>>> print(open('structure-v4.txt').read())   # compact mmCIF, C-alpha atoms
# COMPACT_ATOMS: atom_id res chain seq x y z
CA MET A 1 18.49 15.20 -14.22
CA ASP A 2 15.87 16.82 -16.43
CA ILE A 3 12.34 15.39 -16.24
CA ARG A 4 10.12 16.49 -19.13
CA SER A 5 6.51 15.97 -20.08
CA VAL A 6 6.38 14.47 -23.58
CA SER A 7 3.81 12.76 -25.75
CA PHE A 8 3.57 8.99 -25.42
CA SER A 9 4.29 8.95 -29.16
CA HIS A 10 7.48 11.06 -28.83
CA PRO A 11 10.49 9.23 -30.40
CA ASP A 12 12.25 8.96 -27.01
CA ALA A 13 9.08 7.53 -25.43
CA VAL A 14 8.78 4.99 -28.26
CA LYS A 15 12.44 4.02 -27.77
CA LEU A 16 12.08 3.54 -24.00
CA ASN A 17 8.78 1.70 -24.43
CA GLY A 18 10.57 -0.68 -26.78
CA ARG A 19 13.23 -1.32 -24.16
CA VAL A 20 10.71 -2.01 -21.41
CA GLN A 21 8.77 -4.32 -23.73
CA LEU A 22 11.97 -6.30 -24.37
CA GLU A 23 12.51 -6.61 -20.63
CA TYR A 24 8.90 -7.80 -20.13
CA ALA A 25 9.31 -10.35 -22.92
CA GLU A 26 12.58 -11.63 -21.46
CA ARG A 27 11.30 -11.93 -17.90
CA TYR A 28 7.93 -13.46 -18.80
CA GLN A 29 9.06 -15.41 -21.88
CA ASP A 30 6.24 -13.94 -23.96
CA GLU A 31 5.50 -11.06 -26.33
CA GLY A 32 5.59 -8.33 -23.66
CA ASP A 33 2.70 -6.27 -22.33
CA VAL A 34 -0.17 -6.35 -24.83
CA THR A 35 -2.30 -3.78 -22.99
CA HIS A 36 -3.64 -1.30 -25.56
CA LEU A 37 -2.28 2.18 -24.88
CA ASP A 38 -3.44 5.10 -27.01
CA PRO A 39 -1.09 8.11 -26.80
CA ALA A 40 -4.15 10.34 -26.22
CA MET A 41 -4.65 8.59 -22.83
CA PHE A 42 -1.55 10.38 -21.55
CA GLU A 43 -2.47 13.90 -22.65
CA PRO A 44 -3.09 16.43 -19.86
CA PRO A 45 -5.35 16.87 -18.00
CA GLN A 46 -6.42 13.20 -18.34
CA GLY A 47 -2.91 11.85 -18.07
CA LEU A 48 0.79 12.59 -18.35
CA HIS A 49 3.89 10.95 -19.77
CA LEU A 50 7.35 11.82 -18.45
CA ILE A 51 10.90 11.13 -19.55
CA ALA A 52 13.98 11.75 -17.42
CA TYR A 53 17.08 12.81 -19.34
CA ASP A 54 20.62 12.63 -18.01
CA ASN A 55 23.08 15.55 -18.25
CA GLN A 56 24.04 14.50 -21.80
CA GLY A 57 20.39 14.56 -22.95
CA THR A 58 20.02 10.80 -23.07
CA PRO A 59 16.56 9.46 -22.13
CA VAL A 60 17.10 7.20 -19.11
CA ALA A 61 13.75 6.79 -17.33
CA THR A 62 10.08 7.02 -18.15
CA GLY A 63 6.61 6.68 -16.71
CA GLY A 64 3.09 7.87 -17.23
CA TRP A 65 -0.38 7.95 -15.77
CA ARG A 66 -3.83 7.83 -17.34
CA SER A 67 -7.28 8.55 -15.90
CA ARG A 68 -9.52 5.61 -15.07
CA SER A 69 -13.10 5.43 -13.83
CA GLU A 70 -15.39 2.97 -12.11
CA ASN A 71 -16.64 2.00 -15.57
CA ASP A 72 -13.32 0.17 -16.03
CA PRO A 73 -13.41 -3.21 -14.17
CA GLY A 74 -11.50 -2.96 -10.88
CA HIS A 75 -11.18 0.82 -10.98
CA GLU A 76 -12.83 3.57 -8.97
CA ASP A 77 -13.80 7.06 -10.11
CA GLY A 78 -10.80 9.30 -9.58
CA ASP A 79 -8.16 6.65 -10.28
CA ALA A 80 -4.92 7.45 -12.05
CA GLU A 81 -3.19 4.37 -13.43
CA ILE A 82 0.59 4.25 -13.71
CA LYS A 83 1.89 2.78 -16.96
CA ARG A 84 5.31 2.06 -18.41
CA MET A 85 7.52 3.01 -15.47
CA TYR A 86 11.04 2.10 -16.51
CA VAL A 87 14.66 2.99 -15.79
CA ILE A 88 17.36 1.78 -18.18
CA PRO A 89 19.70 -0.77 -16.57
CA GLU A 90 22.77 1.44 -17.00
CA VAL A 91 21.52 4.02 -14.47
CA ARG A 92 19.51 1.95 -11.98
CA GLY A 93 20.22 2.43 -8.31
CA HIS A 94 20.26 6.25 -8.28
CA GLY A 95 16.69 7.07 -7.23
CA LEU A 96 15.31 7.86 -10.68
CA SER A 97 12.22 5.68 -10.37
CA ARG A 98 11.34 7.41 -7.11
CA LEU A 99 11.73 10.83 -8.75
CA VAL A 100 9.51 9.87 -11.69
CA LEU A 101 6.97 8.21 -9.38
CA ALA A 102 6.78 11.31 -7.16
CA ALA A 103 6.34 13.56 -10.19
CA LEU A 104 3.54 11.34 -11.52
CA GLU A 105 1.80 11.31 -8.13
CA ASP A 106 2.09 15.10 -7.81
CA ASP A 107 0.67 15.66 -11.28
CA ALA A 108 -2.22 13.22 -10.78
CA ARG A 109 -3.01 14.87 -7.46
CA ALA A 110 -3.01 18.31 -9.14
CA ALA A 111 -5.41 16.88 -11.76
CA ALA A 112 -7.83 15.99 -8.91
CA ARG A 113 -7.18 12.25 -9.14
CA THR A 114 -7.82 10.61 -5.76
CA ARG A 115 -6.01 7.27 -6.01
CA MET A 116 -2.96 6.04 -7.91
CA VAL A 117 -3.16 2.42 -9.07
CA LEU A 118 -0.89 0.10 -11.00
CA GLU A 119 -0.56 -3.44 -12.24
CA THR A 120 2.77 -5.23 -12.23
CA GLY A 121 3.89 -8.83 -11.95
CA THR A 122 5.69 -11.29 -9.76
CA LYS A 123 8.62 -11.46 -12.18
CA LEU A 124 9.27 -7.77 -11.53
CA PRO A 125 10.22 -7.90 -7.84
CA GLU A 126 12.08 -4.58 -8.06
CA ALA A 127 8.85 -2.86 -9.11
CA ILE A 128 6.89 -4.48 -6.30
CA SER A 129 9.56 -3.38 -3.81
CA LEU A 130 9.54 0.20 -5.13
CA TYR A 131 5.78 0.51 -4.90
CA THR A 132 5.30 -1.16 -1.51
CA SER A 133 8.13 0.94 -0.04
CA SER A 134 6.39 4.03 -1.48
CA GLY A 135 3.10 3.37 0.32
CA TYR A 136 1.25 1.26 -2.24
CA GLU A 137 -0.86 -1.61 -0.94
CA PRO A 138 -2.45 -4.59 -2.72
CA CYS A 139 -5.87 -3.84 -4.22
CA ALA A 140 -8.52 -5.54 -6.35
CA LYS A 141 -7.05 -6.76 -9.61
CA PHE A 142 -7.85 -4.86 -12.80
CA GLY A 143 -6.68 -4.50 -16.37
CA HIS A 144 -5.77 -6.88 -19.14
CA TYR A 145 -3.87 -9.25 -16.82
CA ARG A 146 -6.35 -9.30 -13.89
CA PHE A 147 -6.94 -13.06 -14.29
CA ASP A 148 -3.25 -13.92 -14.61
CA GLU A 149 -1.78 -15.57 -11.50
CA LEU A 150 1.47 -13.62 -11.97
CA SER A 151 -0.33 -10.25 -11.93
CA ARG A 152 -0.31 -8.00 -8.86
CA CYS A 153 -2.24 -4.75 -8.45
CA TYR A 154 -1.51 -1.96 -5.99
CA ALA A 155 -3.10 1.33 -4.97
CA LYS A 156 -2.21 4.41 -2.97
CA PRO A 157 -4.53 7.25 -1.96
CA LEU A 158 -3.43 10.60 -3.34
CA THR A 159 -3.60 12.88 -0.33
CA ALA A 160 -2.69 16.54 -0.12
CA ALA A 161 0.98 17.18 -0.92
CA THR A 162 1.65 18.30 2.64
CA GLU A 163 0.67 14.83 3.86
CA THR A 164 3.05 12.88 1.63
CA ALA A 165 6.67 12.12 2.27
CA PRO A 166 9.04 13.85 -0.16
CA ALA A 167 10.94 11.68 -2.62
CA THR A 168 14.62 12.38 -3.04
CA ALA A 169 17.16 11.33 -5.63
CA GLY A 170 19.34 9.63 -3.04
CA THR A 171 16.63 7.38 -1.67
CA ALA A 172 17.86 3.83 -1.39
CA GLY A 173 15.93 1.15 -3.18
CA PRO A 174 15.48 -0.62 -6.47
CA GLU A 175 15.31 1.44 -9.62
CA THR A 176 13.56 -0.92 -12.00
CA ALA A 177 10.01 0.20 -11.80
CA THR A 178 8.46 -1.48 -14.76
CA VAL A 179 4.73 -1.34 -15.09
>>> encode(input="structure-v4.txt", output="structure tokens")
Amino acid sequence: MDIRSVSFSHPDAVKLNGRVQLEYAERYQDEGDVTHLDPAMFEPPQGLHLIAYDNQGTPVATGGWRSRSENDPGHEDGDAEIKRMYVIPEVRGHGLSRLVLAALEDDARAAARTRMVLETGTKLPEAISLYTSSGYEPCAKFGHYRFDELSRCYAKPLTAATETAPATAGTAGPETATV
């Protein structure tokens, strides 16, 4: 598996974002996530966007983080918000979401972010399971969907790397981490 940092506007990122949007639309019976995301939000050091490629060079998983501040309702200074975590259905169940999540957490920590936050929904139980099993706990709701009854928000302090449990590719658990 090859995990690369790419622009949110990279063709492979656009392709995977389209796939996750289709999954959102199918599960929620709506138009998908309408949260505005500017590719510049994911440019280091204020963010990062990753794509995991399989051994044939096919993009199979994605995720990103963007800086947030207390000026954004529900956020605190030092927050890093996870966006667009996704693993294609054909390769779910192999630990890819945990690898991408760990890489995002490590990068946000290195960028001096103090807390990782995310918003997901009740119709994405695999995502909720991934995050809660990775140490995320419910937090104050934020973002575009904060008033939606199906929305759920989670947070995890970003402590020193020596204090976190390592993520491994063989970790059991769901691999659909859509955010």
>>> residues_around(input="structure-v4.txt", residues="stretch 139-141 of chain A", least_positions_apart="6", cutoff="8 Å", atoms="all atoms listed in the file", output="list in words")
Gly74, Glu119, Phe147, Ser151, Arg152, Cys153, Tyr154 and Ala155 of chain A
>>> atom_distance(input="structure-v4.txt", atom1="atom CA of A:Arg92", atom2="atom CA of A:Ala61")
9.2 Å
>>> closest_residue(input="structure-v4.txt", among="A:His75, A:Pro45, A:Thr114, A:Arg19", to="A:Asp33", atoms="all atoms listed in the file")
A:Arg19
>>> residues_near_point(input="structure-v4.txt", point="(6.0, 14.5, -25.0)", cutoff="9 Å", atoms="only C-alpha atoms", output="PyMOL selection string")
chain A and resi 4-13+43+48-51
>>> write_last_selection(input="structure-v4.txt", atoms="C-alpha atoms", output="tab-separated table (two decimals), in the frame of the given file")
chain	number	residue	atom	x	y	z
A	4	ARG	CA	10.12	16.49	-19.13
A	5	SER	CA	6.51	15.97	-20.08
A	6	VAL	CA	6.38	14.47	-23.58
A	7	SER	CA	3.81	12.76	-25.75
A	8	PHE	CA	3.57	8.99	-25.42
A	9	SER	CA	4.29	8.95	-29.16
A	10	HIS	CA	7.48	11.06	-28.83
A	11	PRO	CA	10.49	9.23	-30.40
A	12	ASP	CA	12.25	8.96	-27.01
A	13	ALA	CA	9.08	7.53	-25.43
A	43	GLU	CA	-2.47	13.90	-22.65
A	48	LEU	CA	0.79	12.59	-18.35
A	49	HIS	CA	3.89	10.95	-19.77
A	50	LEU	CA	7.35	11.82	-18.45
A	51	ILE	CA	10.90	11.13	-19.55
>>> residues_around(input="structure-v4.txt", residues="A:Val87", least_positions_apart="3", cutoff="12 Å", atoms="all atoms listed in the file", output="tab-separated table (two decimals) with C-alpha atoms, in the coordinates of the input")
chain	number	residue	atom	x	y	z
A	16	LEU	CA	12.08	3.54	-24.00
A	17	ASN	CA	8.78	1.70	-24.43
A	19	ARG	CA	13.23	-1.32	-24.16
A	20	VAL	CA	10.71	-2.01	-21.41
A	23	GLU	CA	12.51	-6.61	-20.63
A	50	LEU	CA	7.35	11.82	-18.45
A	51	ILE	CA	10.90	11.13	-19.55
A	52	ALA	CA	13.98	11.75	-17.42
A	53	TYR	CA	17.08	12.81	-19.34
A	54	ASP	CA	20.62	12.63	-18.01
A	58	THR	CA	20.02	10.80	-23.07
A	59	PRO	CA	16.56	9.46	-22.13
A	60	VAL	CA	17.10	7.20	-19.11
A	61	ALA	CA	13.75	6.79	-17.33
A	62	THR	CA	10.08	7.02	-18.15
A	63	GLY	CA	6.61	6.68	-16.71
A	84	ARG	CA	5.31	2.06	-18.41
A	90	GLU	CA	22.77	1.44	-17.00
A	91	VAL	CA	21.52	4.02	-14.47
A	92	ARG	CA	19.51	1.95	-11.98
A	93	GLY	CA	20.22	2.43	-8.31
A	94	HIS	CA	20.26	6.25	-8.28
A	95	GLY	CA	16.69	7.07	-7.23
A	96	LEU	CA	15.31	7.86	-10.68
A	97	SER	CA	12.22	5.68	-10.37
A	98	ARG	CA	11.34	7.41	-7.11
A	99	LEU	CA	11.73	10.83	-8.75
A	100	VAL	CA	9.51	9.87	-11.69
A	101	LEU	CA	6.97	8.21	-9.38
A	126	GLU	CA	12.08	-4.58	-8.06
A	127	ALA	CA	8.85	-2.86	-9.11
A	174	PRO	CA	15.48	-0.62	-6.47
A	175	GLU	CA	15.31	1.44	-9.62
A	176	THR	CA	13.56	-0.92	-12.00
A	177	ALA	CA	10.01	0.20	-11.80
A	178	THR	CA	8.46	-1.48	-14.76
A	179	VAL	CA	4.73	-1.34	-15.09
>>> closest_residue(input="structure-v4.txt", among="A:Arg115, A:Asn55, A:Ser134, A:Leu124", to="A:Glu70", atoms="only C-alpha atoms")
A:Arg115
>>> atom_distance(input="structure-v4.txt", atom1="atom CA of A:Arg68", atom2="atom CA of A:Leu130")
22.2 Å
>>> residues_around(input="structure-v4.txt", residues="A:Met116", least_positions_apart="4", cutoff="12 Å", atoms="all atoms listed in the file", output="PyMOL selection string")
chain A and resi 47+64-69+75-83+101-102+104-109+111-112+131+134-139+153-159
>>> decode(input="structure-v4.txt", residues="stretch 38-59 of chain A", atoms="C-alpha atoms", output="PDB file, in the first residue's frame")
ATOM      1  CA  ASP A  38     -11.947  24.556  -0.803  1.00  0.00           C
ATOM      2  CA  PRO A  39      -8.875  22.568  -1.935  1.00  0.00           C
ATOM      3  CA  ALA A  40      -6.669  25.204  -0.257  1.00  0.00           C
ATOM      4  CA  MET A  41      -8.040  24.055   3.140  1.00  0.00           C
ATOM      5  CA  PHE A  42      -6.054  20.837   2.748  1.00  0.00           C
ATOM      6  CA  GLU A  43      -2.698  22.387   1.859  1.00  0.00           C
ATOM      7  CA  PRO A  44       0.110  21.901   4.401  1.00  0.00           C
ATOM      8  CA  PRO A  45       0.705  23.139   7.022  1.00  0.00           C
ATOM      9  CA  GLN A  46      -3.000  23.996   7.520  1.00  0.00           C
ATOM     10  CA  GLY A  47      -4.233  20.631   6.330  1.00  0.00           C
ATOM     11  CA  LEU A  48      -3.445  17.497   4.374  1.00  0.00           C
ATOM     12  CA  HIS A  49      -5.165  15.224   1.884  1.00  0.00           C
ATOM     13  CA  LEU A  50      -4.075  11.604   1.458  1.00  0.00           C
ATOM     14  CA  ILE A  51      -4.811   8.856  -1.034  1.00  0.00           C
ATOM     15  CA  ALA A  52      -3.883   5.208  -0.555  1.00  0.00           C
ATOM     16  CA  TYR A  53      -2.982   3.336  -3.732  1.00  0.00           C
ATOM     17  CA  ASP A  54      -2.930  -0.433  -4.097  1.00  0.00           C
ATOM     18  CA  ASN A  55      -0.001  -2.335  -5.665  1.00  0.00           C
ATOM     19  CA  GLN A  56      -1.421  -1.710  -9.161  1.00  0.00           C
ATOM     20  CA  GLY A  57      -1.563   2.065  -8.577  1.00  0.00           C
ATOM     21  CA  THR A  58      -5.325   2.196  -8.181  1.00  0.00           C
ATOM     22  CA  PRO A  59      -6.627   4.791  -5.695  1.00  0.00           C
TER      23      PRO A  59
END
